[in-house]
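Colleague: Take a look at the following structure, please.
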Amino acid sequence: MKVYNSDKIRNIAVLGHSGCGKTNLLETIAHAANVNKIPKLSNNVQMTYSMSLMPVEYEGCKFNFIDTPGYTDFTGDVISALSASDAAIIVIDATDPMQVGTEKALELTEGIPKIMFINKIDNEKARYKDVIEMLDSKFENKIIPMISPEFKDGKFIKLHNVFEDYEGLNDEFRQQAERAYEALMELIAETDDNYLEKFFEGEELTIEEKRNGITVGIKKGDIVPVISGSTINNVGTKEILTTLKNYIDPRFTDEKAPFNGVVFKTFVDPFVGKISYIKITEGSIKKDTEVYNLRTKNKVKIANVYTIRGEELIELDEAYAGDIIVVTKLPEIQTGDGISESLDSEISIELKFPKPQIYYAITPRNKKDEEKMASIVTKLVSEDPTLDYYRNNETRQALIGGQGELHIKNLIAKMKDKFGLDVDLHDIKVAYRETIKASSDVEGKHKKQSGGHGQYGHVKIRFSRSEEDFEFSEELFGGSVPKSYIPAVEKGILESMEKGVLAGYPVTHIKAVLYDGSYHDVDSSEMAFKLASSIAFRKGMEDAKPVLLEPIMKMTITVPEEYMGDVMGDMNKRRGRILGMESSSKGKQILEALAPQSETFSYAIDLKSITQGRGVFESEFDSYSEVPIENQKKIIEAANGEEK
């Protein structure tokens, strides 16, 4: 592949709902540019689970097309792709205009230059006018059907370019084309004061002025071109390439500065190792170049510089600012890392990913594979920052978190297909706590005689509820318990708090006051007083109305207005408490609520069902709260049964 300078490179992310035709579009583009001789097209829905790169050379330019997943569980890859792109193509299915993936694509590309491609325009179920109306409502007066369809008797005839004359168009489509042209000229005029003056004076703009105006308008987001076509019949493909070449400017063009780049995506291959995708933001790079990882401050060597098409690595002699390169076998670099020739450089692209929406416990099918599983999951999580993996020491479960059920299942499939590891998913155990509601006054005595020195420890302790995790104090008089044994008493209580009297859960919010006791000059010891205090602790818990506490999560839920009633009703069923709500800048409602953790494990699945995939949420631990009496019995029985 040739080496291209910055001004000849365009990076384009391709977004849209699953099944809208993104992958088919790239196949036809590759065919139009003589990359693929025969495009591999399909009418069937093809699920894309991760982004992929398709470099295309066309009329002296290099286009790095990035295909992205359409299913919302894989939003992380869309974010990665957009971070490296100059512009986006949003593919819209003309037979089903407002799909969830379309809405998500419009949200994620806010502030990014974009082109709309209305696909399947020749399908008998195509609803072109509905698509245009939907886009107009989203973008007000910025939508321009630059390449629009002409129909006759309800059937698609051909495409029409608004810059061409209107000969041969019937009245309806002639009027549409004229309106689109006039609207475009007005938007072009608004990009420059001189153009605006010419426009008001009725003077025609030159071709160069029109092209420049469209370029500026698209870059600012004031012009959103719409191109119609059909990927399955290769209609509109060249028009897309021409539009991208003529009207999209690259974001980074300083190719003479020292090399600087950002790792925006990584893949782990069991044979090749780590494959890292880097967007060059400044300078240029050749093979055998040493650079710094700006996160670790360590030097790494770029042995070879590649691009990739499908699974084929294509070596490059050199790559300039604006280009996307692929490097291999650099295990120490990860997604989001800045890579630079200078340690003084700053990371030029900041990647922000959503937090996991759902968690499962994960175990290897073969218990001997515990370490192998941990190693493989850690590698795969490094591919995708929207995943999370950690071990909960309290519940002794390894937990895997992701954006949804499909996201997790895809990870499990990768573990089996790539690494031959079978794993199972389980429900998460809730990290309950125990505490007391009342006060108690008890004594604990440990006395044992078995020849030689015996064991003797005796304490009297008052227990009560505390606002803190644990409070300990002493009110001893007359040396009833020597000061040297007081730390042992405190330690004995702390160790006993690891396992409560109801269901064996850790104890919290306890205040203990040691106020009396006795000792033996010969038989007393630190161990004896530890054991005495643990006896007192169990008595004290049992006498002070012990209760279970459950973790409460703070939920931030973002949904369209029309689903608010259903979401609030569902939250009430989960024993949730609504804290408040406010409108977001994107026309949605943000709901704040508190809900028991045990009621939120499947919330990602349920929220998608309630909102047809349009709702998202984040949650974090807030506090512990008492479990209702009717729920406590089941939890205690389950925990005690598990112990047996």
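Residues are named by chain letter and number: chains run A, B, ... in the order of the structure tokens, numbers start at 1 in each chain, and ligands are numbered from 1 in the order shown.
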Could you give me, as a list of chain:residue names, the residues within 10 Å of Gly221 of chain A, counting only C-alpha atoms and dropping anything in the same chain fewer than 6 positions from it?
Modeller: A:Glu110, A:Gly111, A:Ile112, A:Pro113, A:Lys114, A:Phe139, A:Lys142, A:Thr215
Colleague: Go ahead and save the picked residues with N, CA and C atoms, as a short mmCIF file (atom, residue, chain, number, x, y, z; two decimals), in the first residue's frame.
Modeller:
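Written out: out-v4.cif:
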data_model
loop_
_atom_site.label_atom_id
_atom_site.label_comp_id
_atom_site.auth_asym_id
_atom_site.auth_seq_id
_atom_site.Cartn_x
_atom_site.Cartn_y
_atom_site.Cartn_z
N GLU A 110 -22.78 13.49 18.09
CA GLU A 110 -23.06 14.90 18.32
C GLU A 110 -21.74 15.69 18.32
N GLY A 111 -21.66 16.72 17.49
CA GLY A 111 -20.45 17.52 17.40
C GLY A 111 -19.42 16.96 16.43
N ILE A 112 -19.73 15.85 15.76
CA ILE A 112 -18.81 15.23 14.79
C ILE A 112 -19.38 15.40 13.39
N PRO A 113 -18.55 15.82 12.41
CA PRO A 113 -19.04 15.92 11.03
C PRO A 113 -19.63 14.58 10.59
N LYS A 114 -20.76 14.62 9.89
CA LYS A 114 -21.42 13.37 9.54
C LYS A 114 -22.16 13.44 8.22
N PHE A 139 -32.35 17.47 13.34
CA PHE A 139 -31.32 18.45 12.94
C PHE A 139 -31.90 19.77 12.46
N LYS A 142 -30.73 21.65 9.07
CA LYS A 142 -29.37 21.32 8.64
C LYS A 142 -29.31 20.16 7.65
N THR A 215 -17.84 22.14 2.84
CA THR A 215 -16.80 21.57 3.72
C THR A 215 -16.85 22.22 5.10
#
Colleague: Env of Ile605 of chain A: 10 Å cut, atoms = only C-alpha atoms, seq-sep filter 4 positions within chain, self excluded. Answer as a PyMOL selection string.
Modeller: chain A and resi 357-358+403-406+600-601+609-610+613
Colleague: With C-alpha atoms kept, could you save the residues just selected as a short mmCIF file (atom, residue, chain, number, x, y, z; two decimals), in the first residue's frame?
Modeller:
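The result, written out as result_24.cif:
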data_model
loop_
_atom_site.label_atom_id
_atom_site.label_comp_id
_atom_site.auth_asym_id
_atom_site.auth_seq_id
_atom_site.Cartn_x
_atom_site.Cartn_y
_atom_site.Cartn_z
CA GLN A 357 -24.37 -2.19 33.35
CA ILE A 358 -24.55 -5.81 34.49
CA GLN A 403 -22.86 -3.50 28.97
CA GLY A 404 -25.50 -6.21 28.72
CA GLU A 405 -26.27 -9.90 28.44
CA LEU A 406 -25.11 -10.17 24.81
CA THR A 600 -30.68 -4.55 40.55
CA PHE A 601 -28.60 -7.48 39.24
CA SER A 609 -36.97 -4.30 27.78
CA ILE A 610 -38.97 -1.45 29.33
CA GLY A 613 -33.16 -0.47 24.37
#
Colleague: Looking at only C-alpha atoms, which of A:Lys198, A:His446, A:Arg462, A:Lys297 is the one that sits closest to Val513 of chain A?
Modeller: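 Ranking A:Lys198, A:His446, A:Arg462, A:Lys297 by distance to Val513 of chain A, first place goes to A:Arg462.
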Colleague: What is the atom CA of Ser230 of chain A-atom CA of Glu133 of chain A distance in Å, reported with one decimal?
Modeller: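 Atom CA of Glu133 of chain A lies 19.7 Å from atom CA of Ser230 of chain A.
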Colleague: Would you work out the distance separating atom CA of Lys219 of chain A from atom CA of Thr72 of chain A, expressed in Å to one decimal?
Modeller: 26.2 Å
Colleague: At a cut-off of 6 Å, using only C-alpha atoms, what residues contact segment 424-432 of chain A? Leave out same-chain residues fewer than 6 positions from it and give the result as a PyMOL selection string.
Modeller: chain A and resi 360-363+549-550
Colleague: Residues of the last selection are to be written out with all heavy atoms, as a PDB file, in the first residue's frame.
Modeller:
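Contents of result06.pdb, freshly written:
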ATOM      1  N   TYR A 360     -21.955 -10.622  36.429  1.00  0.00           N
ATOM      2  CA  TYR A 360     -22.191 -12.031  36.743  1.00  0.00           C
ATOM      3  C   TYR A 360     -20.966 -12.575  37.473  1.00  0.00           C
ATOM      4  O   TYR A 360     -19.847 -12.084  37.292  1.00  0.00           O
ATOM      5  CB  TYR A 360     -22.382 -12.863  35.471  1.00  0.00           C
ATOM      6  CG  TYR A 360     -23.646 -12.579  34.697  1.00  0.00           C
ATOM      7  CD1 TYR A 360     -23.651 -11.698  33.616  1.00  0.00           C
ATOM      8  CD2 TYR A 360     -24.846 -13.211  35.032  1.00  0.00           C
ATOM      9  CE1 TYR A 360     -24.803 -11.448  32.891  1.00  0.00           C
ATOM     10  CE2 TYR A 360     -26.010 -12.966  34.312  1.00  0.00           C
ATOM     11  CZ  TYR A 360     -25.978 -12.087  33.248  1.00  0.00           C
ATOM     12  OH  TYR A 360     -27.121 -11.839  32.534  1.00  0.00           O
ATOM     13  N   ALA A 361     -21.196 -13.626  38.277  1.00  0.00           N
ATOM     14  CA  ALA A 361     -20.066 -14.387  38.813  1.00  0.00           C
ATOM     15  C   ALA A 361     -19.631 -15.374  37.735  1.00  0.00           C
ATOM     16  O   ALA A 361     -20.464 -15.906  36.991  1.00  0.00           O
ATOM     17  CB  ALA A 361     -20.482 -15.125  40.075  1.00  0.00           C
ATOM     18  N   ILE A 362     -18.331 -15.602  37.628  1.00  0.00           N
ATOM     19  CA  ILE A 362     -17.802 -16.461  36.569  1.00  0.00           C
ATOM     20  C   ILE A 362     -16.867 -17.502  37.180  1.00  0.00           C
ATOM     21  O   ILE A 362     -16.047 -17.179  38.047  1.00  0.00           O
ATOM     22  CB  ILE A 362     -17.078 -15.605  35.494  1.00  0.00           C
ATOM     23  CG1 ILE A 362     -16.567 -16.472  34.339  1.00  0.00           C
ATOM     24  CG2 ILE A 362     -15.953 -14.780  36.084  1.00  0.00           C
ATOM     25  CD1 ILE A 362     -16.031 -15.652  33.164  1.00  0.00           C
ATOM     26  N   THR A 363     -17.022 -18.766  36.750  1.00  0.00           N
ATOM     27  CA  THR A 363     -16.151 -19.847  37.225  1.00  0.00           C
ATOM     28  C   THR A 363     -15.740 -20.715  36.042  1.00  0.00           C
ATOM     29  O   THR A 363     -16.513 -20.896  35.096  1.00  0.00           O
ATOM     30  CB  THR A 363     -16.865 -20.745  38.256  1.00  0.00           C
ATOM     31  OG1 THR A 363     -18.048 -21.306  37.650  1.00  0.00           O
ATOM     32  CG2 THR A 363     -17.227 -19.976  39.507  1.00  0.00           C
ATOM     33  N   LEU A 549     -28.455  -6.207  57.274  1.00  0.00           N
ATOM     34  CA  LEU A 549     -28.379  -4.991  56.456  1.00  0.00           C
ATOM     35  C   LEU A 549     -28.066  -5.398  55.015  1.00  0.00           C
ATOM     36  O   LEU A 549     -27.326  -6.359  54.788  1.00  0.00           O
ATOM     37  CB  LEU A 549     -27.280  -4.061  56.969  1.00  0.00           C
ATOM     38  CG  LEU A 549     -27.393  -3.558  58.406  1.00  0.00           C
ATOM     39  CD1 LEU A 549     -26.166  -2.723  58.754  1.00  0.00           C
ATOM     40  CD2 LEU A 549     -28.663  -2.746  58.598  1.00  0.00           C
ATOM     41  N   GLU A 550     -28.606  -4.662  54.069  1.00  0.00           N
ATOM     42  CA  GLU A 550     -28.322  -4.944  52.665  1.00  0.00           C
ATOM     43  C   GLU A 550     -27.706  -3.714  52.000  1.00  0.00           C
ATOM     44  O   GLU A 550     -28.012  -2.580  52.367  1.00  0.00           O
ATOM     45  CB  GLU A 550     -29.590  -5.358  51.918  1.00  0.00           C
ATOM     46  CG  GLU A 550     -30.686  -4.318  51.895  1.00  0.00           C
ATOM     47  CD  GLU A 550     -31.956  -4.828  51.233  1.00  0.00           C
ATOM     48  OE1 GLU A 550     -31.884  -5.823  50.496  1.00  0.00           O
ATOM     49  OE2 GLU A 550     -33.024  -4.214  51.455  1.00  0.00           O
TER      50      GLU A 550
END
Colleague: Counting only C-alpha atoms, which residues of segment 71-137 of chain A sit at most 9 Å from some atom of segment 378-398 of chain A, and what is each one's closest atom pair with its distance in Å to one decimal, listed by chain and rising residue number, as a Markdown table?
Modeller:
| residue | atom | partner | partner_atom | distance |
| --- | --- | --- | --- | --- |
| A:Phe74 | CA | A:Thr386 | CA | 8.4 |
| A:Thr75 | CA | A:Thr386 | CA | 8.3 |
| A:Gly76 | CA | A:Thr386 | CA | 5.9 |
| A:Asp77 | CA | A:Asp384 | CA | 7.6 |
Colleague: Write a file of the just-selected residues containing N, CA, C and O atoms, as a PDB file, in the first residue's frame.
Modeller:
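New file out.pdb:
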ATOM      1  N   PHE A  74     -22.272  -2.954  22.514  1.00  0.00           N
ATOM      2  CA  PHE A  74     -20.885  -2.792  22.070  1.00  0.00           C
ATOM      3  C   PHE A  74     -20.548  -1.332  21.768  1.00  0.00           C
ATOM      4  O   PHE A  74     -19.750  -1.021  20.885  1.00  0.00           O
ATOM      5  N   THR A  75     -21.164  -0.444  22.551  1.00  0.00           N
ATOM      6  CA  THR A  75     -20.945   0.999  22.385  1.00  0.00           C
ATOM      7  C   THR A  75     -19.482   1.383  22.540  1.00  0.00           C
ATOM      8  O   THR A  75     -19.007   2.341  21.934  1.00  0.00           O
ATOM      9  N   GLY A  76     -18.739   0.636  23.361  1.00  0.00           N
ATOM     10  CA  GLY A  76     -17.324   0.949  23.584  1.00  0.00           C
ATOM     11  C   GLY A  76     -16.529   0.990  22.300  1.00  0.00           C
ATOM     12  O   GLY A  76     -15.676   1.863  22.100  1.00  0.00           O
ATOM     13  N   ASP A  77     -16.800   0.044  21.386  1.00  0.00           N
ATOM     14  CA  ASP A  77     -16.087   0.025  20.110  1.00  0.00           C
ATOM     15  C   ASP A  77     -16.474   1.212  19.228  1.00  0.00           C
ATOM     16  O   ASP A  77     -15.659   1.711  18.451  1.00  0.00           O
TER      17      ASP A  77
END
Colleague: Restricting the calculation to only C-alpha atoms: of A:Ala595, A:Ala503, A:Leu607, A:Met555, which residue gets closest to Ile635 of chain A?
Modeller: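 Looking only at the distances to Ile635 of chain A, the closest residue turns out to be A:Ala503.
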Colleague: Extract the full set of helix (DSSP H, G or I) residues from segment 489-550 of chain A according to DSSP on the backbone, and format it as JSON, numbers by chain.
Modeller: {"A": [489, 490, 491, 492, 493, 494, 495, 496, 526, 527, 528, 529, 530, 531, 532, 533, 534, 535, 536, 537, 538, 539, 540, 541, 542, 543]}
Colleague: Have a look at A:Ile240, A:Gln99, A:Glu150, A:Tyr320 and name the one nearest to Lys8 of chain A; count only C-alpha atoms.
Modeller: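 Selected residue with least distance to Lys8 of chain A: A:Tyr320.
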Colleague: Set the distance at 9 Å and use only C-alpha atoms: which residues neighbour segment 100-105 of chain A once local chain neighbours fewer than 6 positions away are removed? I'd like the list as a PyMOL selection string.
Modeller: chain A and resi 15-18+70-72+75+78+90-93+612-614
Colleague: So what do you get for atom CA of Ser585 of chain A versus atom CA of Lys573 of chain A, distance-wise?
Modeller: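 These atoms are spaced 28.7 Å apart.
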